[in-house]
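The file start-v8.pdb comes next; it holds PDB, N, CA and C atoms and all ligand atoms.
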```pdb
ATOM      1  N   MET A   1      44.562  51.092   6.497
ATOM      2  CA  MET A   1      43.387  50.217   6.462
ATOM      3  C   MET A   1      42.345  50.742   7.455
ATOM      4  N   PRO A   2      41.074  50.814   7.068
ATOM      5  CA  PRO A   2      40.053  51.318   8.009
ATOM      6  C   PRO A   2      39.991  50.483   9.284
ATOM      7  N   THR A   3      39.904  51.165  10.406
ATOM      8  CA  THR A   3      39.749  50.511  11.701
ATOM      9  C   THR A   3      38.416  50.941  12.280
ATOM     10  N   MET A   4      37.658  49.966  12.747
ATOM     11  CA  MET A   4      36.306  50.247  13.209
ATOM     12  C   MET A   4      36.058  49.584  14.553
ATOM     13  N   ALA A   5      35.437  50.341  15.458
ATOM     14  CA  ALA A   5      35.034  49.761  16.738
ATOM     15  C   ALA A   5      33.680  49.092  16.560
ATOM     16  N   CYS A   6      33.422  48.114  17.410
ATOM     17  CA  CYS A   6      32.099  47.475  17.406
ATOM     18  C   CYS A   6      31.041  48.561  17.552
ATOM     19  N   ILE A   7      30.034  48.558  16.666
ATOM     20  CA  ILE A   7      29.031  49.628  16.711
ATOM     21  C   ILE A   7      28.030  49.451  17.844
ATOM     22  N   ASP A   8      28.073  48.314  18.534
ATOM     23  CA  ASP A   8      27.129  48.104  19.626
ATOM     24  C   ASP A   8      27.746  48.259  21.005
ATOM     25  N   CYS A   9      29.060  48.080  21.147
ATOM     26  CA  CYS A   9      29.661  48.257  22.475
ATOM     27  C   CYS A   9      30.971  49.029  22.429
ATOM     28  N   GLY A  10      31.611  49.100  21.260
ATOM     29  CA  GLY A  10      32.854  49.849  21.154
ATOM     30  C   GLY A  10      34.038  49.185  21.820
ATOM     31  N   ALA A  11      33.851  47.958  22.306
ATOM     32  CA  ALA A  11      34.909  47.307  23.088
ATOM     33  C   ALA A  11      35.975  46.637  22.233
ATOM     34  N   VAL A  12      35.679  46.388  20.969
ATOM     35  CA  VAL A  12      36.680  45.762  20.108
ATOM     36  C   VAL A  12      36.969  46.671  18.921
ATOM     37  N   LEU A  13      38.224  46.633  18.486
ATOM     38  CA  LEU A  13      38.634  47.382  17.308
ATOM     39  C   LEU A  13      39.074  46.370  16.255
ATOM     40  N   ILE A  14      38.533  46.523  15.063
ATOM     41  CA  ILE A  14      38.848  45.576  13.999
ATOM     42  C   ILE A  14      39.253  46.359  12.761
ATOM     43  N   GLU A  15      40.316  45.875  12.098
ATOM     44  CA  GLU A  15      40.682  46.546  10.849
ATOM     45  C   GLU A  15      40.533  45.569   9.696
ATOM     46  N   ALA A  16      40.047  46.108   8.574
ATOM     47  CA  ALA A  16      39.797  45.291   7.399
ATOM     48  C   ALA A  16      39.827  46.187   6.169
ATOM     49  N   PRO A  17      40.207  45.621   5.025
ATOM     50  CA  PRO A  17      40.356  46.418   3.811
ATOM     51  C   PRO A  17      39.051  46.720   3.092
ATOM     52  N   SER A  18      37.962  46.077   3.472
ATOM     53  CA  SER A  18      36.685  46.332   2.810
ATOM     54  C   SER A  18      35.564  46.114   3.815
ATOM     55  N   TRP A  19      34.375  46.619   3.500
ATOM     56  CA  TRP A  19      33.275  46.432   4.454
ATOM     57  C   TRP A  19      32.890  44.965   4.551
ATOM     58  N   GLN A  20      33.048  44.229   3.442
ATOM     59  CA  GLN A  20      32.706  42.803   3.484
ATOM     60  C   GLN A  20      33.636  42.063   4.444
ATOM     61  N   ALA A  21      34.936  42.376   4.347
ATOM     62  CA  ALA A  21      35.910  41.733   5.228
ATOM     63  C   ALA A  21      35.668  42.154   6.678
ATOM     64  N   MET A  22      35.275  43.416   6.858
ATOM     65  CA  MET A  22      34.980  43.926   8.198
ATOM     66  C   MET A  22      33.816  43.147   8.806
ATOM     67  N   LEU A  23      32.792  42.919   8.003
ATOM     68  CA  LEU A  23      31.622  42.173   8.469
ATOM     69  C   LEU A  23      32.018  40.760   8.899
ATOM     70  N   VAL A  24      32.837  40.112   8.079
ATOM     71  CA  VAL A  24      33.280  38.746   8.384
ATOM     72  C   VAL A  24      34.100  38.726   9.680
ATOM     73  N   LYS A  25      35.009  39.720   9.829
ATOM     74  CA  LYS A  25      35.852  39.759  11.025
ATOM     75  C   LYS A  25      35.063  40.146  12.271
ATOM     76  N   MET A  26      33.987  40.880  12.087
ATOM     77  CA  MET A  26      33.165  41.345  13.202
ATOM     78  C   MET A  26      32.252  40.231  13.723
ATOM     79  N   MET A  27      31.904  39.296  12.846
ATOM     80  CA  MET A  27      30.908  38.279  13.192
ATOM     81  C   MET A  27      31.232  37.460  14.457
ATOM     82  N   PRO A  28      32.474  36.980  14.631
ATOM     83  CA  PRO A  28      32.763  36.193  15.849
ATOM     84  C   PRO A  28      32.462  36.975  17.122
ATOM     85  N   HIS A  29      32.766  38.281  17.110
ATOM     86  CA  HIS A  29      32.470  39.122  18.269
ATOM     87  C   HIS A  29      30.957  39.214  18.469
ATOM     88  N   TYR A  30      30.212  39.351  17.389
ATOM     89  CA  TYR A  30      28.752  39.438  17.504
ATOM     90  C   TYR A  30      28.153  38.133  18.005
ATOM     91  N   LEU A  31      28.712  37.026  17.532
ATOM     92  CA  LEU A  31      28.219  35.724  17.995
ATOM     93  C   LEU A  31      28.427  35.587  19.498
ATOM     94  N   GLU A  32      29.552  36.143  19.978
ATOM     95  CA  GLU A  32      29.895  36.007  21.382
ATOM     96  C   GLU A  32      29.205  37.040  22.265
ATOM     97  N   ALA A  33      29.195  38.300  21.810
ATOM     98  CA  ALA A  33      28.745  39.387  22.683
ATOM     99  C   ALA A  33      27.363  39.943  22.353
ATOM    100  N   HIS A  34      26.945  39.807  21.118
ATOM    101  CA  HIS A  34      25.667  40.424  20.706
ATOM    102  C   HIS A  34      24.820  39.432  19.939
ATOM    103  N   HIS A  35      24.681  38.258  20.524
ATOM    104  CA  HIS A  35      23.950  37.221  19.803
ATOM    105  C   HIS A  35      22.523  37.644  19.496
ATOM    106  N   ASP A  36      21.946  38.469  20.388
ATOM    107  CA  ASP A  36      20.570  38.930  20.179
ATOM    108  C   ASP A  36      20.436  39.785  18.920
ATOM    109  N   VAL A  37      21.539  40.477  18.561
ATOM    110  CA  VAL A  37      21.492  41.352  17.387
ATOM    111  C   VAL A  37      21.370  40.541  16.097
ATOM    112  N   ILE A  38      22.056  39.413  16.072
ATOM    113  CA  ILE A  38      22.075  38.637  14.827
ATOM    114  C   ILE A  38      21.161  37.420  14.860
ATOM    115  N   ALA A  39      20.654  37.083  16.043
ATOM    116  CA  ALA A  39      19.768  35.921  16.141
ATOM    117  C   ALA A  39      18.406  36.227  15.543
ATOM    118  N   GLY A  40      17.772  35.222  15.036
ATOM    119  CA  GLY A  40      16.412  35.375  14.521
ATOM    120  C   GLY A  40      16.300  36.321  13.359
ATOM    121  N   HIS A  41      17.378  36.388  12.536
ATOM    122  CA  HIS A  41      17.352  37.347  11.439
ATOM    123  C   HIS A  41      16.339  36.980  10.355
ATOM    124  N   SER A  42      15.830  35.746  10.389
ATOM    125  CA  SER A  42      14.875  35.368   9.349
ATOM    126  C   SER A  42      13.547  36.106   9.526
ATOM    127  N   ASP A  43      13.172  36.368  10.787
ATOM    128  CA  ASP A  43      11.922  37.109  10.973
ATOM    129  C   ASP A  43      12.142  38.556  11.413
ATOM    130  N   HIS A  44      13.396  38.939  11.665
ATOM    131  CA  HIS A  44      13.699  40.333  11.995
ATOM    132  C   HIS A  44      14.779  40.835  11.033
ATOM    133  N   PRO A  45      14.362  41.490   9.979
ATOM    134  CA  PRO A  45      15.356  41.973   9.012
ATOM    135  C   PRO A  45      16.428  42.832   9.684
ATOM    136  N   LYS A  46      17.671  42.639   9.229
ATOM    137  CA  LYS A  46      18.793  43.335   9.835
ATOM    138  C   LYS A  46      19.082  44.674   9.161
ATOM    139  N   GLY A  47      18.107  45.175   8.400
ATOM    140  CA  GLY A  47      18.340  46.394   7.635
ATOM    141  C   GLY A  47      18.875  47.550   8.451
ATOM    142  N   ALA A  48      18.263  47.798   9.616
ATOM    143  CA  ALA A  48      18.681  48.934  10.429
ATOM    144  C   ALA A  48      20.111  48.750  10.921
ATOM    145  N   TRP A  49      20.458  47.529  11.312
ATOM    146  CA  TRP A  49      21.820  47.274  11.781
ATOM    147  C   TRP A  49      22.821  47.461  10.637
ATOM    148  N   MET A  50      22.477  46.941   9.473
ATOM    149  CA  MET A  50      23.377  47.091   8.315
ATOM    150  C   MET A  50      23.593  48.563   7.973
ATOM    151  N   GLU A  51      22.546  49.359   8.113
ATOM    152  CA  GLU A  51      22.687  50.791   7.836
ATOM    153  C   GLU A  51      23.680  51.423   8.805
ATOM    154  N   ARG A  52      23.579  51.067  10.080
ATOM    155  CA  ARG A  52      24.519  51.605  11.077
ATOM    156  C   ARG A  52      25.928  51.118  10.788
ATOM    157  N   PHE A  53      26.020  49.836  10.413
ATOM    158  CA  PHE A  53      27.333  49.254  10.114
ATOM    159  C   PHE A  53      27.985  49.968   8.929
ATOM    160  N   MET A  54      27.212  50.156   7.866
ATOM    161  CA  MET A  54      27.777  50.799   6.676
ATOM    162  C   MET A  54      28.186  52.245   6.957
ATOM    163  N   ALA A  55      27.381  52.952   7.739
ATOM    164  CA  ALA A  55      27.709  54.341   8.080
ATOM    165  C   ALA A  55      29.006  54.384   8.882
ATOM    166  N   ALA A  56      29.160  53.457   9.823
ATOM    167  CA  ALA A  56      30.366  53.422  10.647
ATOM    168  C   ALA A  56      31.577  53.041   9.808
ATOM    169  N   TYR A  57      31.380  52.108   8.874
ATOM    170  CA  TYR A  57      32.507  51.708   8.032
ATOM    171  C   TYR A  57      32.942  52.858   7.123
ATOM    172  N   GLU A  58      31.970  53.542   6.556
ATOM    173  CA  GLU A  58      32.304  54.672   5.680
ATOM    174  C   GLU A  58      33.048  55.759   6.449
ATOM    175  N   ALA A  59      32.631  56.016   7.679
ATOM    176  CA  ALA A  59      33.318  57.010   8.502
ATOM    177  C   ALA A  59      34.759  56.568   8.768
ATOM    178  N   ALA A  60      34.947  55.279   9.043
ATOM    179  CA  ALA A  60      36.289  54.752   9.303
ATOM    180  C   ALA A  60      37.152  54.853   8.042
ATOM    181  N   GLU A  61      36.533  54.576   6.901
ATOM    182  CA  GLU A  61      37.262  54.624   5.642
ATOM    183  C   GLU A  61      37.723  56.054   5.352
ATOM    184  N   HIS A  62      36.864  57.034   5.611
ATOM    185  CA  HIS A  62      37.210  58.419   5.342
ATOM    186  C   HIS A  62      38.281  58.930   6.292
ATOM    187  N   SER A  63      38.299  58.407   7.514
ATOM    188  CA  SER A  63      39.294  58.885   8.468
ATOM    189  C   SER A  63      40.687  58.390   8.100
ATOM    190  N   VAL A  64      40.759  57.358   7.247
ATOM    191  CA  VAL A  64      42.056  56.823   6.812
ATOM    192  C   VAL A  64      42.665  57.705   5.725
ATOM    193  N   GLU A  65      41.800  58.251   4.879
ATOM    194  CA  GLU A  65      42.295  59.040   3.744
ATOM    195  C   GLU A  65      42.901  60.367   4.182
TER     196      GLU A  65
HETATM  197 ZN    ZN B 101      30.392  44.671  20.625
END
```
Could you render the structure from this file as structure tokens?
Ligand SMILES: [Zn+2]
Amino acid sequence: MPTMACIDCGAVLIEAPSWQAMLVKMMPHYLEAHHDVIAGHSDHPKGAWMERFMAAYEAAEHSVE
């Protein structure tokens, strides 16, 4: 199963079978440690963060194979 470190601090490692599940499992950590990243998303699109997240997840997925 892909294992991914938090892309903003690297302090937590989370494993999940899909990027969607990874996002869900990552959220509590973001709420606690990186609230600024996810706060105010209505006026600050999260596109750049999602791009980093997807790139990191894909790298984790490939390292499993
Ligand atoms: Zn973090």
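In this comparison, which uses only N, CA and C atoms and all ligand atoms, the residue of A:His34, A:His62, A:Lys25, A:Arg52 approaching ligand ZN 101 (chain B) most closely is A:His34.
Where the distance criterion is 7 Å and the atoms used are all atoms listed in the file, the residues close to ligand ZN 101 (chain B) are A:Ala5, A:Cys6, A:Ile7, A:Asp8, A:Cys9, A:Gly10, A:Ala11, A:Val12, A:His29, A:Tyr30, A:Ala33, A:His34.
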inquiry  = Could you tell me how far atom CA of Met22 of chain A sits from atom CA of Glu61 of chain A, in Å to one decimal place?
reply    = 11.2 Å
task = Would you write out, as a list in words, every residue that the PyMOL selection byres (((chain A and resi 64 and name CA) around 9) and not hetatm and name CA) captures in this file?
result =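 Evaluating the PyMOL selection byres (((chain A and resi 64 and name CA) around 9) and not hetatm and name CA) on these coordinates yields Met1, Pro2, Thr3, Ala59, Ala60, Glu61, His62, Ser63 and Glu65 of chain A.
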Write the residues you've just listed into a file as an mmCIF file, in the frame of the given file, and include N, CA and C atoms for each of them.
```cif
data_model
loop_
_atom_site.group_PDB
_atom_site.id
_atom_site.type_symbol
_atom_site.label_atom_id
_atom_site.label_comp_id
_atom_site.auth_asym_id
_atom_site.auth_seq_id
_atom_site.Cartn_x
_atom_site.Cartn_y
_atom_site.Cartn_z
ATOM 1 N N MET A 1 44.562 51.092 6.497
ATOM 2 C CA MET A 1 43.387 50.217 6.462
ATOM 3 C C MET A 1 42.345 50.742 7.455
ATOM 4 N N PRO A 2 41.074 50.814 7.068
ATOM 5 C CA PRO A 2 40.053 51.318 8.009
ATOM 6 C C PRO A 2 39.991 50.483 9.284
ATOM 7 N N THR A 3 39.904 51.165 10.406
ATOM 8 C CA THR A 3 39.749 50.511 11.701
ATOM 9 C C THR A 3 38.416 50.941 12.280
ATOM 10 N N ALA A 59 32.631 56.016 7.679
ATOM 11 C CA ALA A 59 33.318 57.010 8.502
ATOM 12 C C ALA A 59 34.759 56.568 8.768
ATOM 13 N N ALA A 60 34.947 55.279 9.043
ATOM 14 C CA ALA A 60 36.289 54.752 9.303
ATOM 15 C C ALA A 60 37.152 54.853 8.042
ATOM 16 N N GLU A 61 36.533 54.576 6.901
ATOM 17 C CA GLU A 61 37.262 54.624 5.642
ATOM 18 C C GLU A 61 37.723 56.054 5.352
ATOM 19 N N HIS A 62 36.864 57.034 5.611
ATOM 20 C CA HIS A 62 37.210 58.419 5.342
ATOM 21 C C HIS A 62 38.281 58.930 6.292
ATOM 22 N N SER A 63 38.299 58.407 7.514
ATOM 23 C CA SER A 63 39.294 58.885 8.468
ATOM 24 C C SER A 63 40.687 58.390 8.100
ATOM 25 N N GLU A 65 41.800 58.251 4.879
ATOM 26 C CA GLU A 65 42.295 59.040 3.744
ATOM 27 C C GLU A 65 42.901 60.367 4.182
#
```
request  = Give me, please, the distance in Å between atom C of Glu58 of chain A and atom C of Ile14 of chain A, quoted to one decimal.
outcome  =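 Interatomic distance, atom C of Glu58 of chain A to atom C of Ile14 of chain A: 12.9 Å.
Picture a line from atom CA of Phe53 of chain A to atom CA of Trp19 of chain A; it runs 8.7 Å.
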List every residue of segment 5-65 of chain A that DSSP, applied to the backbone, labels as helix (DSSP H, G or I), and write the result as a PDB file with N, CA and C atoms, in the frame of the given file.
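part_39.pdb, written as the output of this step:
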```pdb
ATOM      1  N   TRP A  19      34.375  46.619   3.500  1.00  0.00           N
ATOM      2  CA  TRP A  19      33.275  46.432   4.454  1.00  0.00           C
ATOM      3  C   TRP A  19      32.890  44.965   4.551  1.00  0.00           C
ATOM      4  N   GLN A  20      33.048  44.229   3.442  1.00  0.00           N
ATOM      5  CA  GLN A  20      32.706  42.803   3.484  1.00  0.00           C
ATOM      6  C   GLN A  20      33.636  42.063   4.444  1.00  0.00           C
ATOM      7  N   ALA A  21      34.936  42.376   4.347  1.00  0.00           N
ATOM      8  CA  ALA A  21      35.910  41.733   5.228  1.00  0.00           C
ATOM      9  C   ALA A  21      35.668  42.154   6.678  1.00  0.00           C
ATOM     10  N   MET A  22      35.275  43.416   6.858  1.00  0.00           N
ATOM     11  CA  MET A  22      34.980  43.926   8.198  1.00  0.00           C
ATOM     12  C   MET A  22      33.816  43.147   8.806  1.00  0.00           C
ATOM     13  N   LEU A  23      32.792  42.919   8.003  1.00  0.00           N
ATOM     14  CA  LEU A  23      31.622  42.173   8.469  1.00  0.00           C
ATOM     15  C   LEU A  23      32.018  40.760   8.899  1.00  0.00           C
ATOM     16  N   VAL A  24      32.837  40.112   8.079  1.00  0.00           N
ATOM     17  CA  VAL A  24      33.280  38.746   8.384  1.00  0.00           C
ATOM     18  C   VAL A  24      34.100  38.726   9.680  1.00  0.00           C
ATOM     19  N   LYS A  25      35.009  39.720   9.829  1.00  0.00           N
ATOM     20  CA  LYS A  25      35.852  39.759  11.025  1.00  0.00           C
ATOM     21  C   LYS A  25      35.063  40.146  12.271  1.00  0.00           C
ATOM     22  N   MET A  26      33.987  40.880  12.087  1.00  0.00           N
ATOM     23  CA  MET A  26      33.165  41.345  13.202  1.00  0.00           C
ATOM     24  C   MET A  26      32.252  40.231  13.723  1.00  0.00           C
ATOM     25  N   MET A  27      31.904  39.296  12.846  1.00  0.00           N
ATOM     26  CA  MET A  27      30.908  38.279  13.192  1.00  0.00           C
ATOM     27  C   MET A  27      31.232  37.460  14.457  1.00  0.00           C
ATOM     28  N   PRO A  28      32.474  36.980  14.631  1.00  0.00           N
ATOM     29  CA  PRO A  28      32.763  36.193  15.849  1.00  0.00           C
ATOM     30  C   PRO A  28      32.462  36.975  17.122  1.00  0.00           C
ATOM     31  N   HIS A  29      32.766  38.281  17.110  1.00  0.00           N
ATOM     32  CA  HIS A  29      32.470  39.122  18.269  1.00  0.00           C
ATOM     33  C   HIS A  29      30.957  39.214  18.469  1.00  0.00           C
ATOM     34  N   TYR A  30      30.212  39.351  17.389  1.00  0.00           N
ATOM     35  CA  TYR A  30      28.752  39.438  17.504  1.00  0.00           C
ATOM     36  C   TYR A  30      28.153  38.133  18.005  1.00  0.00           C
ATOM     37  N   LEU A  31      28.712  37.026  17.532  1.00  0.00           N
ATOM     38  CA  LEU A  31      28.219  35.724  17.995  1.00  0.00           C
ATOM     39  C   LEU A  31      28.427  35.587  19.498  1.00  0.00           C
ATOM     40  N   GLU A  32      29.552  36.143  19.978  1.00  0.00           N
ATOM     41  CA  GLU A  32      29.895  36.007  21.382  1.00  0.00           C
ATOM     42  C   GLU A  32      29.205  37.040  22.265  1.00  0.00           C
ATOM     43  N   ALA A  33      29.195  38.300  21.810  1.00  0.00           N
ATOM     44  CA  ALA A  33      28.745  39.387  22.683  1.00  0.00           C
ATOM     45  C   ALA A  33      27.363  39.943  22.353  1.00  0.00           C
ATOM     46  N   HIS A  35      24.681  38.258  20.524  1.00  0.00           N
ATOM     47  CA  HIS A  35      23.950  37.221  19.803  1.00  0.00           C
ATOM     48  C   HIS A  35      22.523  37.644  19.496  1.00  0.00           C
ATOM     49  N   ASP A  36      21.946  38.469  20.388  1.00  0.00           N
ATOM     50  CA  ASP A  36      20.570  38.930  20.179  1.00  0.00           C
ATOM     51  C   ASP A  36      20.436  39.785  18.920  1.00  0.00           C
ATOM     52  N   VAL A  37      21.539  40.477  18.561  1.00  0.00           N
ATOM     53  CA  VAL A  37      21.492  41.352  17.387  1.00  0.00           C
ATOM     54  C   VAL A  37      21.370  40.541  16.097  1.00  0.00           C
ATOM     55  N   ILE A  38      22.056  39.413  16.072  1.00  0.00           N
ATOM     56  CA  ILE A  38      22.075  38.637  14.827  1.00  0.00           C
ATOM     57  C   ILE A  38      21.161  37.420  14.860  1.00  0.00           C
ATOM     58  N   GLY A  47      18.107  45.175   8.400  1.00  0.00           N
ATOM     59  CA  GLY A  47      18.340  46.394   7.635  1.00  0.00           C
ATOM     60  C   GLY A  47      18.875  47.550   8.451  1.00  0.00           C
ATOM     61  N   ALA A  48      18.263  47.798   9.616  1.00  0.00           N
ATOM     62  CA  ALA A  48      18.681  48.934  10.429  1.00  0.00           C
ATOM     63  C   ALA A  48      20.111  48.750  10.921  1.00  0.00           C
ATOM     64  N   TRP A  49      20.458  47.529  11.312  1.00  0.00           N
ATOM     65  CA  TRP A  49      21.820  47.274  11.781  1.00  0.00           C
ATOM     66  C   TRP A  49      22.821  47.461  10.637  1.00  0.00           C
ATOM     67  N   MET A  50      22.477  46.941   9.473  1.00  0.00           N
ATOM     68  CA  MET A  50      23.377  47.091   8.315  1.00  0.00           C
ATOM     69  C   MET A  50      23.593  48.563   7.973  1.00  0.00           C
ATOM     70  N   GLU A  51      22.546  49.359   8.113  1.00  0.00           N
ATOM     71  CA  GLU A  51      22.687  50.791   7.836  1.00  0.00           C
ATOM     72  C   GLU A  51      23.680  51.423   8.805  1.00  0.00           C
ATOM     73  N   ARG A  52      23.579  51.067  10.080  1.00  0.00           N
ATOM     74  CA  ARG A  52      24.519  51.605  11.077  1.00  0.00           C
ATOM     75  C   ARG A  52      25.928  51.118  10.788  1.00  0.00           C
ATOM     76  N   PHE A  53      26.020  49.836  10.413  1.00  0.00           N
ATOM     77  CA  PHE A  53      27.333  49.254  10.114  1.00  0.00           C
ATOM     78  C   PHE A  53      27.985  49.968   8.929  1.00  0.00           C
ATOM     79  N   MET A  54      27.212  50.156   7.866  1.00  0.00           N
ATOM     80  CA  MET A  54      27.777  50.799   6.676  1.00  0.00           C
ATOM     81  C   MET A  54      28.186  52.245   6.957  1.00  0.00           C
ATOM     82  N   ALA A  55      27.381  52.952   7.739  1.00  0.00           N
ATOM     83  CA  ALA A  55      27.709  54.341   8.080  1.00  0.00           C
ATOM     84  C   ALA A  55      29.006  54.384   8.882  1.00  0.00           C
ATOM     85  N   ALA A  56      29.160  53.457   9.823  1.00  0.00           N
ATOM     86  CA  ALA A  56      30.366  53.422  10.647  1.00  0.00           C
ATOM     87  C   ALA A  56      31.577  53.041   9.808  1.00  0.00           C
ATOM     88  N   TYR A  57      31.380  52.108   8.874  1.00  0.00           N
ATOM     89  CA  TYR A  57      32.507  51.708   8.032  1.00  0.00           C
ATOM     90  C   TYR A  57      32.942  52.858   7.123  1.00  0.00           C
ATOM     91  N   GLU A  58      31.970  53.542   6.556  1.00  0.00           N
ATOM     92  CA  GLU A  58      32.304  54.672   5.680  1.00  0.00           C
ATOM     93  C   GLU A  58      33.048  55.759   6.449  1.00  0.00           C
ATOM     94  N   ALA A  59      32.631  56.016   7.679  1.00  0.00           N
ATOM     95  CA  ALA A  59      33.318  57.010   8.502  1.00  0.00           C
ATOM     96  C   ALA A  59      34.759  56.568   8.768  1.00  0.00           C
ATOM     97  N   ALA A  60      34.947  55.279   9.043  1.00  0.00           N
ATOM     98  CA  ALA A  60      36.289  54.752   9.303  1.00  0.00           C
ATOM     99  C   ALA A  60      37.152  54.853   8.042  1.00  0.00           C
ATOM    100  N   GLU A  61      36.533  54.576   6.901  1.00  0.00           N
ATOM    101  CA  GLU A  61      37.262  54.624   5.642  1.00  0.00           C
ATOM    102  C   GLU A  61      37.723  56.054   5.352  1.00  0.00           C
ATOM    103  N   HIS A  62      36.864  57.034   5.611  1.00  0.00           N
ATOM    104  CA  HIS A  62      37.210  58.419   5.342  1.00  0.00           C
ATOM    105  C   HIS A  62      38.281  58.930   6.292  1.00  0.00           C
ATOM    106  N   SER A  63      38.299  58.407   7.514  1.00  0.00           N
ATOM    107  CA  SER A  63      39.294  58.885   8.468  1.00  0.00           C
ATOM    108  C   SER A  63      40.687  58.390   8.100  1.00  0.00           C
ATOM    109  N   VAL A  64      40.759  57.358   7.247  1.00  0.00           N
ATOM    110  CA  VAL A  64      42.056  56.823   6.812  1.00  0.00           C
ATOM    111  C   VAL A  64      42.665  57.705   5.725  1.00  0.00           C
TER     112      VAL A  64
END
```
inquiry  = For the structure I just gave you, how does DSSP split chain A - specifically, which residues are strand (DSSP E or B)? Reply as a PyMOL selection string.
reply    = chain A and resi 3-5+13-15
